Amino acid sequence: MNVGIVIFPGSNCDQDLYRAFKKFNPNKVEFLWHKISKLPKGLDVCAIPGGFSFGDYLRTGAIASRSPIIRAIVEFANSGGFVLGICNGFQILCECGLLPGVLIRNQSTRFICKDQELMICNRDPLFTSLYQKNAKVSFPIAHHDGNYLVDPSTHQLLLDNNQIAFKYLKQNPNGSIGDIAGVYSKNHRVLGLMPHPERRVDSKIGGCDGEPLFKNICQGPYY
Amino acid sequence: MIFSAKIVDIELARSHGLTDDEYNSILNLINRKPTITELGVFSAMWNEHCSYKSTKKWLRTLPTKGSKVICGPGENAGIIDIGDGDALVFKIESHNHPSYIDPFQGSATGVGGILRDIFTMGARPIATMNALSFGCKDKKKVTHLLSEVIKGIGSYGNSFGVPNLGGELRFDESYEGNCLVNVFAAGLVKSNKIFYSGATSTNLPVVYLGAKTGRDGIGGATMASSEFISEKEAERPAVQIGDPFMEKCLLEACLELMEAEAVISIQDMGAAGLTCSAVEMAGKGKLGMILDLNKVPTRESEMHAYEMMLSESQERMLMTLKPGKEKIARAIFKKWDLDFAIVGKTIKEDRFKVFHNSNLEVDLPLQALSTMSPEYDRKWRINQNHIKTPSIQKYNLQPLKCLTALLSSPNYSSRKIIWEQFDHMVMANTVRPPGSNAGVIRIPETNKAIACSLDCTPRYCSQDPHLGGKQAVTEGFRNLIITGASPLAITNNLNFGNPEKTDVMGQIVGCIQGISEASIALDLPVVSGNVSLYNETDGIPILATPTIGTVGLIKSIDDLILIKATTTDCLYLIGDNPGHLGQSSLLREILGISGKKAGPAPEIEFSKELDAAKLINELNAEKKIVGGHDISDGGLMLATAEICILNNLGIKIDASESDICWLFGEDQGLYLLVCEEKNQIDLEQAARRLQIPCQKLGTFGEKLIEIGNDQIPVSELKKLHETGLDHFFSASV
């Protein structure tokens, strides 16, 4: 697999994401600067890391979603490329329309950073097939705007198409509809999630619950 | 707003915070009346905040050297060698006055300022912490200040992308009109890739980097050098506005520029902005400097030279560039969409010349500006207090009730609701979340870790400054020892009232002497620091608050000691505990007895501290302990309950009402150690060998915390403990 990690000014989880991919020996991991309007040839996966792209002083992800690289990523996804967006990356994917819904301010109005228990809602061959179905995992969350919102009919569609990737267990930390923590695109090639699996790939730093996700992306199965 | 230049006279000098003597020495120095901009430059360089004029004499006495010290005080931050070619850059700095006026922006820019200090030296920041002090009487005001300060710190650090490892928080009425916001940051650099601020030769291009200059924060350093008078609130000058996004871009651009070997020297524009950074840069290189203000990127029109020289707009840097590297440098800054302008050059002549619209607005002797700031030997007196610790017999205190009250009080309840608002895990090197004995961050790509702790017990410092200074350093030492780290060095943030008052000056002198003594005894050189004076409102000073930041190295993450225990593990008290109640939190929080009436602060014995450290190191190396906790405020009972709450365990402590002093006394040098049942004898023998008192307190059980015949389920105590600060954050708008 050839992986590209997008860097916006204000991205701050790009190095963590790089290390998480690197651990599972993909063919190549490279950084992609936000000003490029053409993705490198042979790219298989495009990952958008967490952070505060362009400061996120407007609606989160709003400015980044209008940058040259995002236009290229939309094309890439539409022609079948894999896209992963974590935290700010998820917000950007919603803003640019690759994923349904929006992420609004947490219900508490506070930024929240903690370990969060999640459920893997279905085993997806591109991303989550190395977990058991309905497996419980713990990933950190760290966001101010993670409250996922879609209208009821879209929510029903997400359920019907198995598009819900992760759900918050125990206490919903941000007020997100249906406890949704991450969603797939309709064709299941684009995944966005608020929690940070890239911070859980080391037994000495909080545990390895994120490893199967990166291993799956780098090594398959893809069916 | 258009600046109107006023006539320079002694009145105007006074309004700039200069004394008549200081103004006269300016006249003598330059043999003429200064221009308005020159007056501004002098006021910026000679105010307390930048010149340390009241404390210099005493700061010089601090021990700053050591085998691990690469760079001591005087640069943007201190640096120590942590082995394998790595160095740790760290410093603590206050942003007290701005945080009281505008708690969100004040605290945010405090974080921004200290982060720039770190990456100016070539280091990537890897951790921040903060020590916060607030009032307690005006609930509405305190709620506003606290919640906004937390938001401000979070908004800056979270966006910049550096983990916040927690710190300390206290409430006391002395901070009612002067909250304290002390921010610590640490960064990593290769020891052969460190950058300093001094320019090295003449004719080097002086480059301005980062954000544009506006009118914000003009006179900020002068503000930080005077007392608040409540009815004059409206006259307070504007606080700076922070932009963490800009700072993140500046960080990346600066590190790229350094990597490209284009930088000779670099200095951030902090207090007194362009003035202070230019003078320091040239001054350290024994050079002069010419600046052309028409080249400075501005974001407001018709700015006067005075405003540009004194602006404290954030996220700016000044740098001397290697000749011939302009093109590379410009390209890097263009990539990050940041301003980059060559605004001057270094010169041989000892002059600081500033041109604006072709007028020579400043023409001053540079070395004099840089080195001849006033120095005062202010009168000081340490009030000796001979009042005995009050007797508590008549109060019939019930231990469990005292414990519950302490654990749920704002001063001792869980800080979780605060550190959950900070991204403490970004960069994926945070070994454990905050809430432990010290913050622990792994050194990337290694199995080593850095431990850091912020400590101070202001009520001890106010009562007995010398002892309080010693205690602050020693508590930091203990926090690192019980984390499994070797303590290496300290940074200090000295927060006091008005130094022109002999009692306050006595606190400053006493605390510095105490810090020195502990720093020598425990081999912890002081490598950086900051002084914040005039923390007074309407003549009432804050408690003496010399915050100490201690850093240490954990050679292997596997050696980390946590506040950890499981059922059937045994709890031991290490050290001598006669039950010293003077200045204790029991007296203060439960009985409302504080200040002189609360008697003497507890003594420190360095030999005992070193022995206990040796014991813990030994037991940890042999894997004989499961966990541990230092004992500080609230004595052994509070520390025991904290272990229980963190691990959802119970314990029975054999004690009664007559043991209040033993349970809640604050004798120094004490630890709690947790060991498995099978290691009890080894632990006891090791302690006996080093002649350290060692007492088994109990065995951890499942649910109940019991003191004598009284009991409470740990779940209940945990709930009280973890909701103690909720009311500050419930009305979030």
# chains A, B, ... in the order shown; residues from 1 in each chain; ligands from 1

call {"tool": "residues_around", "arguments": {"residues": "A:Met1", "least_positions_apart": "6", "cutoff": "10 Å", "atoms": "only C-alpha atoms", "output": "NGL selection string"}}
result
:A and (25-29 or 42-45 or 217-220)

call {"tool": "write_last_selection", "arguments": {"atoms": "C-alpha atoms", "output": "short mmCIF file (atom, residue, chain, number, x, y, z; two decimals), in the first residue's frame"}}
result
data_model
loop_
_atom_site.label_atom_id
_atom_site.label_comp_id
_atom_site.auth_asym_id
_atom_site.auth_seq_id
_atom_site.Cartn_x
_atom_site.Cartn_y
_atom_site.Cartn_z
CA ASN A 25 5.44 -1.67 6.72
CA PRO A 26 3.38 -0.25 3.94
CA ASN A 27 5.17 0.12 0.64
CA LYS A 28 5.47 3.86 1.14
CA VAL A 29 4.24 6.61 3.48
CA GLY A 42 0.11 5.05 -7.42
CA LEU A 43 -1.38 6.38 -4.18
CA ASP A 44 -3.71 3.87 -2.52
CA VAL A 45 -4.68 5.57 0.72
CA ILE A 217 -5.05 -0.73 5.92
CA CYS A 218 -1.40 -1.60 5.29
CA GLN A 219 -1.64 -5.37 4.90
CA GLY A 220 -5.25 -6.27 4.24
#

call {"tool": "residues_around", "arguments": {"residues": "A:Cys96", "least_positions_apart": "6", "cutoff": "9 Å", "atoms": "only C-alpha atoms", "output": "PDB file with all heavy atoms, in the first residue's frame"}}
result
ATOM      1  N   GLY A  61     -12.778  22.725   9.770  1.00  0.00           N
ATOM      2  CA  GLY A  61     -12.582  22.069   8.480  1.00  0.00           C
ATOM      3  C   GLY A  61     -13.051  22.883   7.286  1.00  0.00           C
ATOM      4  O   GLY A  61     -12.819  22.504   6.133  1.00  0.00           O
ATOM      5  N   ALA A  62     -13.723  24.008   7.531  1.00  0.00           N
ATOM      6  CA  ALA A  62     -14.344  24.756   6.431  1.00  0.00           C
ATOM      7  C   ALA A  62     -13.305  25.277   5.440  1.00  0.00           C
ATOM      8  O   ALA A  62     -13.488  25.176   4.226  1.00  0.00           O
ATOM      9  CB  ALA A  62     -15.185  25.896   6.976  1.00  0.00           C
ATOM     10  N   ALA A  64     -10.024  24.304   5.132  1.00  0.00           N
ATOM     11  CA  ALA A  64      -9.248  23.197   4.560  1.00  0.00           C
ATOM     12  C   ALA A  64     -10.015  22.507   3.436  1.00  0.00           C
ATOM     13  O   ALA A  64      -9.438  22.102   2.423  1.00  0.00           O
ATOM     14  CB  ALA A  64      -8.900  22.187   5.647  1.00  0.00           C
ATOM     15  N   SER A  65     -11.343  22.383   3.611  1.00  0.00           N
ATOM     16  CA  SER A  65     -12.125  21.636   2.626  1.00  0.00           C
ATOM     17  C   SER A  65     -12.173  22.353   1.275  1.00  0.00           C
ATOM     18  O   SER A  65     -12.605  21.790   0.290  1.00  0.00           O
ATOM     19  CB  SER A  65     -13.543  21.394   3.139  1.00  0.00           C
ATOM     20  OG  SER A  65     -14.247  22.618   3.156  1.00  0.00           O
ATOM     21  N   ARG A  66     -11.734  23.611   1.244  1.00  0.00           N
ATOM     22  CA  ARG A  66     -11.693  24.351  -0.015  1.00  0.00           C
ATOM     23  C   ARG A  66     -10.273  24.488  -0.567  1.00  0.00           C
ATOM     24  O   ARG A  66     -10.026  25.288  -1.461  1.00  0.00           O
ATOM     25  CB  ARG A  66     -12.318  25.743   0.193  1.00  0.00           C
ATOM     26  CG  ARG A  66     -13.836  25.676   0.187  1.00  0.00           C
ATOM     27  CD  ARG A  66     -14.493  26.628   1.171  1.00  0.00           C
ATOM     28  NE  ARG A  66     -15.939  26.453   1.177  1.00  0.00           N
ATOM     29  CZ  ARG A  66     -16.596  25.588   1.949  1.00  0.00           C
ATOM     30  NH1 ARG A  66     -15.939  24.794   2.790  1.00  0.00           N
ATOM     31  NH2 ARG A  66     -17.907  25.491   1.901  1.00  0.00           N
ATOM     32  N   ILE A  70      -7.817  19.049  -1.445  1.00  0.00           N
ATOM     33  CA  ILE A  70      -9.096  18.390  -1.162  1.00  0.00           C
ATOM     34  C   ILE A  70      -9.861  18.137  -2.456  1.00  0.00           C
ATOM     35  O   ILE A  70     -10.486  17.080  -2.637  1.00  0.00           O
ATOM     36  CB  ILE A  70      -9.929  19.205  -0.145  1.00  0.00           C
ATOM     37  CG1 ILE A  70      -9.286  19.119   1.241  1.00  0.00           C
ATOM     38  CG2 ILE A  70     -11.375  18.701  -0.077  1.00  0.00           C
ATOM     39  CD1 ILE A  70      -9.254  17.735   1.874  1.00  0.00           C
ATOM     40  N   ARG A  71      -9.768  19.070  -3.398  1.00  0.00           N
ATOM     41  CA  ARG A  71     -10.406  18.821  -4.701  1.00  0.00           C
ATOM     42  C   ARG A  71      -9.831  17.545  -5.332  1.00  0.00           C
ATOM     43  O   ARG A  71     -10.563  16.717  -5.865  1.00  0.00           O
ATOM     44  CB  ARG A  71     -10.208  20.027  -5.616  1.00  0.00           C
ATOM     45  CG  ARG A  71     -11.170  21.179  -5.268  1.00  0.00           C
ATOM     46  CD  ARG A  71     -11.217  22.228  -6.372  1.00  0.00           C
ATOM     47  NE  ARG A  71     -10.008  23.058  -6.411  1.00  0.00           N
ATOM     48  CZ  ARG A  71      -9.834  24.158  -5.678  1.00  0.00           C
ATOM     49  NH1 ARG A  71     -10.791  24.565  -4.863  1.00  0.00           N
ATOM     50  NH2 ARG A  71      -8.734  24.859  -5.759  1.00  0.00           N
ATOM     51  N   VAL A  74     -11.194  14.463  -3.428  1.00  0.00           N
ATOM     52  CA  VAL A  74     -12.578  14.135  -3.794  1.00  0.00           C
ATOM     53  C   VAL A  74     -12.574  13.318  -5.091  1.00  0.00           C
ATOM     54  O   VAL A  74     -13.245  12.282  -5.195  1.00  0.00           O
ATOM     55  CB  VAL A  74     -13.428  15.423  -3.943  1.00  0.00           C
ATOM     56  CG1 VAL A  74     -14.801  15.101  -4.544  1.00  0.00           C
ATOM     57  CG2 VAL A  74     -13.604  16.097  -2.586  1.00  0.00           C
TER      58      VAL A  74
END

call {"tool": "select_by_dssp", "arguments": {"residues": "stretch 441-614 of chain B", "states": "strand (DSSP E)", "output": "PyMOL selection string"}}
result
chain B and resi 441-442+449-455+486-495+526-532+536-537+540-541+545-554+570-574

call {"tool": "residues_around", "arguments": {"residues": "stretch 98-104 of chain A", "least_positions_apart": "4", "cutoff": "7 Å", "atoms": "only C-alpha atoms", "output": "PyMOL selection string"}}
result
chain A and resi 74+91+93-94+145-150+185

call {"tool": "atom_distance", "arguments": {"atom1": "atom CA of B:Ser67", "atom2": "atom CA of B:Gly529"}}
result
19.1 Å

call {"tool": "interface_residues", "arguments": {"of": "chain B", "to": "chain A", "cutoff": "7 Å", "atoms": "only C-alpha atoms", "output": "ChimeraX atom specification"}}
result
/B:159,161,245,248-249,420-423,426-431,732

call {"tool": "residues_around", "arguments": {"residues": "stretch 570-585 of chain B", "least_positions_apart": "4", "cutoff": "8 Å", "atoms": "only C-alpha atoms", "output": "number ranges by chain"}}
result
B: 388-390, 459-460, 589-590, 594-595, 598-602, 612, 633-634, 636, 661-667, 669-677, 680, 692-700

call {"tool": "residues_around", "arguments": {"residues": "stretch 169-174 of chain B", "least_positions_apart": "6", "cutoff": "10 Å", "atoms": "only C-alpha atoms", "output": "count of residues only"}}
result
31

call {"tool": "select_by_dssp", "arguments": {"residues": "stretch 268-420 of chain B", "states": "helix (DSSP H, G or I)", "output": "JSON, numbers by chain"}}
result
{"B": [273, 274, 275, 276, 277, 278, 279, 280, 281, 282, 283, 284, 293, 294, 295, 305, 306, 307, 308, 309, 310, 326, 327, 328, 329, 330, 331, 332, 333, 334, 335, 366, 367, 368, 369, 370, 371, 393, 394, 395, 399, 400, 401, 402, 403, 404, 405, 406, 407, 408, 416, 417, 418, 419]}

call {"tool": "write_last_selection", "arguments": {"atoms": "C-alpha atoms", "output": "CSV table (one decimal), in the first residue's frame"}}
result
chain,number,residue,atom,x,y,z
B,273,GLY,CA,8.5,43.3,21.7
B,274,LEU,CA,10.9,44.6,19.0
B,275,THR,CA,12.8,46.8,21.5
B,276,CYS,CA,13.8,44.1,23.9
B,277,SER,CA,14.6,41.4,21.3
B,278,ALA,CA,16.7,43.8,19.2
B,279,VAL,CA,18.7,45.1,22.1
B,280,GLU,CA,19.3,41.7,23.6
B,281,MET,CA,20.3,40.3,20.2
B,282,ALA,CA,22.9,43.0,19.6
B,283,GLY,CA,23.8,43.4,23.2
B,284,LYS,CA,24.8,39.8,23.7
B,293,LEU,CA,10.7,50.5,10.8
B,294,ASN,CA,9.2,51.1,7.3
B,295,LYS,CA,10.3,47.5,6.6
B,305,ALA,CA,7.7,54.4,15.8
B,306,TYR,CA,6.8,54.5,19.5
B,307,GLU,CA,4.0,52.1,19.0
B,308,MET,CA,6.0,49.8,16.7
B,309,MET,CA,8.9,49.6,19.2
B,310,LEU,CA,6.6,48.8,22.2
B,326,GLU,CA,18.0,35.1,2.3
B,327,LYS,CA,16.5,33.3,-0.7
B,328,ILE,CA,16.1,29.9,1.1
B,329,ALA,CA,14.7,31.7,4.2
B,330,ARG,CA,12.2,33.7,2.2
B,331,ALA,CA,11.1,30.5,0.4
B,332,ILE,CA,10.4,28.6,3.7
B,333,PHE,CA,8.4,31.5,5.1
B,334,LYS,CA,6.4,31.8,1.8
B,335,LYS,CA,5.6,28.1,2.1
B,366,LEU,CA,23.2,49.9,22.9
B,367,GLN,CA,25.5,48.4,25.5
B,368,ALA,CA,24.2,50.9,28.1
B,369,LEU,CA,20.6,50.0,27.2
B,370,SER,CA,21.3,46.3,27.4
B,371,THR,CA,23.5,46.2,30.6
B,393,GLN,CA,-8.3,19.4,71.1
B,394,LYS,CA,-11.3,21.6,71.7
B,395,TYR,CA,-12.7,21.0,68.2
B,399,PRO,CA,-10.9,11.9,61.1
B,400,LEU,CA,-13.3,10.6,58.4
B,401,LYS,CA,-15.3,13.9,58.3
B,402,CYS,CA,-12.0,15.8,57.9
B,403,LEU,CA,-10.9,13.6,55.1
B,404,THR,CA,-14.2,13.9,53.2
B,405,ALA,CA,-14.2,17.6,53.6
B,406,LEU,CA,-10.6,18.0,52.4
B,407,LEU,CA,-11.0,15.6,49.4
B,408,SER,CA,-14.1,17.4,48.2
B,416,LYS,CA,-9.7,15.8,36.1
B,417,ILE,CA,-12.3,18.1,34.9
B,418,ILE,CA,-9.5,20.6,34.1
B,419,TRP,CA,-7.0,18.3,32.5

call {"tool": "residues_around", "arguments": {"residues": "A:Glu117", "least_positions_apart": "6", "cutoff": "9 Å", "atoms": "only C-alpha atoms", "output": "list in words"}}
result
Lys136, Val137, Ser138, Phe139, Pro140, Lys167, Tyr168, Leu169, Lys170 and Gln171 of chain A

call {"tool": "write_last_selection", "arguments": {"atoms": "N, CA, C and O atoms", "output": "PDB file, in the first residue's frame"}}
result
ATOM      1  N   LYS A 136     -15.052  -4.271  21.639  1.00  0.00           N
ATOM      2  CA  LYS A 136     -14.911  -3.025  22.397  1.00  0.00           C
ATOM      3  C   LYS A 136     -13.451  -2.612  22.351  1.00  0.00           C
ATOM      4  O   LYS A 136     -12.567  -3.427  22.616  1.00  0.00           O
ATOM      5  N   VAL A 137     -13.195  -1.370  22.034  1.00  0.00           N
ATOM      6  CA  VAL A 137     -11.822  -0.861  22.042  1.00  0.00           C
ATOM      7  C   VAL A 137     -11.795   0.466  22.786  1.00  0.00           C
ATOM      8  O   VAL A 137     -12.836   1.091  23.005  1.00  0.00           O
ATOM      9  N   SER A 138     -10.592   0.888  23.156  1.00  0.00           N
ATOM     10  CA  SER A 138     -10.459   2.194  23.798  1.00  0.00           C
ATOM     11  C   SER A 138      -9.500   3.048  22.977  1.00  0.00           C
ATOM     12  O   SER A 138      -8.338   2.686  22.790  1.00  0.00           O
ATOM     13  N   PHE A 139      -9.996   4.145  22.436  1.00  0.00           N
ATOM     14  CA  PHE A 139      -9.170   5.139  21.737  1.00  0.00           C
ATOM     15  C   PHE A 139      -9.327   6.470  22.475  1.00  0.00           C
ATOM     16  O   PHE A 139     -10.400   6.749  22.992  1.00  0.00           O
ATOM     17  N   PRO A 140      -8.298   7.302  22.444  1.00  0.00           N
ATOM     18  CA  PRO A 140      -8.490   8.635  23.029  1.00  0.00           C
ATOM     19  C   PRO A 140      -9.365   9.506  22.123  1.00  0.00           C
ATOM     20  O   PRO A 140      -9.347   9.336  20.904  1.00  0.00           O
ATOM     21  N   LYS A 167     -19.117   3.370  17.458  1.00  0.00           N
ATOM     22  CA  LYS A 167     -20.080   4.027  18.348  1.00  0.00           C
ATOM     23  C   LYS A 167     -19.448   4.222  19.724  1.00  0.00           C
ATOM     24  O   LYS A 167     -18.663   3.388  20.168  1.00  0.00           O
ATOM     25  N   TYR A 168     -19.785   5.322  20.377  1.00  0.00           N
ATOM     26  CA  TYR A 168     -19.325   5.541  21.758  1.00  0.00           C
ATOM     27  C   TYR A 168     -20.073   4.603  22.678  1.00  0.00           C
ATOM     28  O   TYR A 168     -21.290   4.437  22.553  1.00  0.00           O
ATOM     29  N   LEU A 169     -19.341   3.983  23.599  1.00  0.00           N
ATOM     30  CA  LEU A 169     -19.980   3.145  24.612  1.00  0.00           C
ATOM     31  C   LEU A 169     -19.981   3.898  25.940  1.00  0.00           C
ATOM     32  O   LEU A 169     -19.283   4.890  26.107  1.00  0.00           O
ATOM     33  N   LYS A 170     -20.731   3.380  26.882  1.00  0.00           N
ATOM     34  CA  LYS A 170     -20.924   4.031  28.184  1.00  0.00           C
ATOM     35  C   LYS A 170     -21.458   5.435  27.954  1.00  0.00           C
ATOM     36  O   LYS A 170     -22.509   5.601  27.368  1.00  0.00           O
ATOM     37  N   GLN A 171     -20.667   6.460  28.301  1.00  0.00           N
ATOM     38  CA  GLN A 171     -21.198   7.811  28.198  1.00  0.00           C
ATOM     39  C   GLN A 171     -20.844   8.434  26.844  1.00  0.00           C
ATOM     40  O   GLN A 171     -19.675   8.433  26.451  1.00  0.00           O
TER      41      GLN A 171
END

call {"tool": "atom_distance", "arguments": {"atom1": "atom CA of B:Gln398", "atom2": "atom CA of B:His629"}}
result
24.2 Å

call {"tool": "residues_around", "arguments": {"residues": "A:Leu84", "least_positions_apart": "3", "cutoff": "9 Å", "atoms": "only C-alpha atoms", "output": "PyMOL selection string"}}
result
chain A and resi 45-49+89-90+93+189-193

call {"tool": "write_last_selection", "arguments": {"atoms": "all heavy atoms", "output": "compact mmCIF listing (two decimals), in the first residue's frame"}}
result
# COMPACT_ATOMS: atom_id res chain seq x y z
N VAL A 45 -3.94 5.05 -0.44
CA VAL A 45 -4.68 5.57 0.72
C VAL A 45 -4.30 7.01 0.96
O VAL A 45 -3.12 7.36 0.98
CB VAL A 45 -4.34 4.78 2.01
CG1 VAL A 45 -5.23 5.22 3.16
CG2 VAL A 45 -4.44 3.29 1.80
N CYS A 46 -5.30 7.82 1.19
CA CYS A 46 -5.03 9.21 1.54
C CYS A 46 -5.57 9.43 2.95
O CYS A 46 -6.75 9.17 3.21
CB CYS A 46 -5.76 10.08 0.53
SG CYS A 46 -5.08 11.71 0.49
N ALA A 47 -4.71 9.87 3.87
CA ALA A 47 -5.14 10.04 5.26
C ALA A 47 -5.05 11.51 5.66
O ALA A 47 -4.05 12.17 5.38
CB ALA A 47 -4.27 9.18 6.17
N ILE A 48 -6.12 11.99 6.28
CA ILE A 48 -6.13 13.39 6.75
C ILE A 48 -6.06 13.38 8.28
O ILE A 48 -6.95 12.85 8.94
CB ILE A 48 -7.38 14.13 6.27
CG1 ILE A 48 -7.59 13.89 4.76
CG2 ILE A 48 -7.27 15.62 6.57
CD1 ILE A 48 -8.88 14.51 4.22
N PRO A 49 -5.00 13.93 8.84
CA PRO A 49 -4.77 13.82 10.29
C PRO A 49 -5.57 14.85 11.10
O PRO A 49 -6.18 15.76 10.55
CB PRO A 49 -3.28 14.11 10.42
CG PRO A 49 -2.99 15.05 9.30
CD PRO A 49 -3.93 14.68 8.18
N GLY A 89 -9.58 15.58 10.40
CA GLY A 89 -9.73 14.95 9.09
C GLY A 89 -11.18 14.55 8.82
O GLY A 89 -11.70 14.73 7.71
N PHE A 90 -11.85 14.03 9.84
CA PHE A 90 -13.28 13.68 9.75
C PHE A 90 -14.10 14.94 9.48
O PHE A 90 -14.97 14.98 8.61
CB PHE A 90 -13.69 13.01 11.07
CG PHE A 90 -15.10 12.48 11.13
CD1 PHE A 90 -15.86 12.22 9.97
CD2 PHE A 90 -15.69 12.19 12.37
CE1 PHE A 90 -17.17 11.72 10.07
CE2 PHE A 90 -16.98 11.69 12.47
CZ PHE A 90 -17.72 11.46 11.32
N LEU A 93 -13.68 15.92 5.92
CA LEU A 93 -14.39 15.02 5.00
C LEU A 93 -15.89 15.31 4.98
O LEU A 93 -16.54 15.19 3.95
CB LEU A 93 -14.13 13.55 5.39
CG LEU A 93 -12.70 13.05 5.13
CD1 LEU A 93 -12.52 11.63 5.65
CD2 LEU A 93 -12.36 13.12 3.63
N ARG A 189 -15.49 3.22 1.18
CA ARG A 189 -14.06 3.44 0.90
C ARG A 189 -13.53 4.66 1.63
O ARG A 189 -12.33 4.87 1.72
CB ARG A 189 -13.84 3.57 -0.62
CG ARG A 189 -14.23 2.29 -1.37
CD ARG A 189 -13.92 2.39 -2.83
NE ARG A 189 -12.53 2.08 -3.12
CZ ARG A 189 -12.07 0.84 -3.30
NH1 ARG A 189 -12.88 -0.19 -3.23
NH2 ARG A 189 -10.81 0.64 -3.58
N VAL A 190 -14.43 5.46 2.17
CA VAL A 190 -14.02 6.65 2.94
C VAL A 190 -14.47 6.45 4.38
O VAL A 190 -15.63 6.14 4.64
CB VAL A 190 -14.66 7.93 2.37
CG1 VAL A 190 -14.22 9.16 3.16
CG2 VAL A 190 -14.32 8.09 0.89
N LEU A 191 -13.54 6.60 5.31
CA LEU A 191 -13.86 6.47 6.75
C LEU A 191 -13.46 7.74 7.48
O LEU A 191 -12.33 8.22 7.35
CB LEU A 191 -13.11 5.26 7.35
CG LEU A 191 -13.11 5.16 8.89
CD1 LEU A 191 -14.53 4.98 9.45
CD2 LEU A 191 -12.23 4.01 9.37
N GLY A 192 -14.39 8.25 8.26
CA GLY A 192 -14.07 9.39 9.14
C GLY A 192 -14.42 9.03 10.56
O GLY A 192 -15.45 8.41 10.82
N LEU A 193 -13.54 9.37 11.51
CA LEU A 193 -13.85 9.12 12.93
C LEU A 193 -13.25 10.20 13.80
O LEU A 193 -12.20 10.77 13.48
CB LEU A 193 -13.36 7.73 13.36
CG LEU A 193 -11.88 7.46 13.54
CD1 LEU A 193 -11.68 6.20 14.36
CD2 LEU A 193 -11.14 7.33 12.24

call {"tool": "closest_residue", "arguments": {"among": "B:Thr120, B:Ser436, B:Ser486, B:Ser373", "to": "B:Leu318", "atoms": "only C-alpha atoms"}}
result
B:Thr120

call {"tool": "atom_distance", "arguments": {"atom1": "atom CA of B:Cys254", "atom2": "atom CA of B:Glu312"}}
result
19.6 Å

call {"tool": "decode", "arguments": {"residues": "stretch 196-203 of chain A", "atoms": "N, CA, C and O atoms", "output": "compact mmCIF listing (two decimals), in the first residue's frame"}}
result
# COMPACT_ATOMS: atom_id res chain seq x y z
N HIS A 196 -8.91 8.89 18.17
CA HIS A 196 -7.56 8.83 17.61
C HIS A 196 -6.94 7.44 17.72
O HIS A 196 -6.19 7.18 18.67
N PRO A 197 -7.16 6.55 16.77
CA PRO A 197 -6.52 5.23 16.85
C PRO A 197 -5.00 5.32 16.74
O PRO A 197 -4.29 4.45 17.27
N GLU A 198 -4.48 6.37 16.10
CA GLU A 198 -3.03 6.49 15.92
C GLU A 198 -2.31 6.75 17.25
O GLU A 198 -1.10 6.63 17.34
N ARG A 199 -3.07 7.11 18.30
CA ARG A 199 -2.45 7.28 19.62
C ARG A 199 -2.48 5.99 20.42
O ARG A 199 -2.10 5.98 21.60
N ARG A 200 -2.94 4.92 19.81
CA ARG A 200 -3.01 3.63 20.53
C ARG A 200 -2.37 2.52 19.71
O ARG A 200 -3.01 1.57 19.30
N VAL A 201 -1.07 2.71 19.44
CA VAL A 201 -0.35 1.67 18.68
C VAL A 201 0.94 1.30 19.41
O VAL A 201 1.92 0.90 18.79
N ASP A 202 0.94 1.47 20.75
CA ASP A 202 2.16 1.24 21.51
C ASP A 202 1.77 0.78 22.91
O ASP A 202 1.07 1.49 23.62
N SER A 203 2.24 -0.42 23.29
CA SER A 203 1.84 -0.95 24.59
C SER A 203 2.28 -0.06 25.74
O SER A 203 1.69 -0.06 26.81
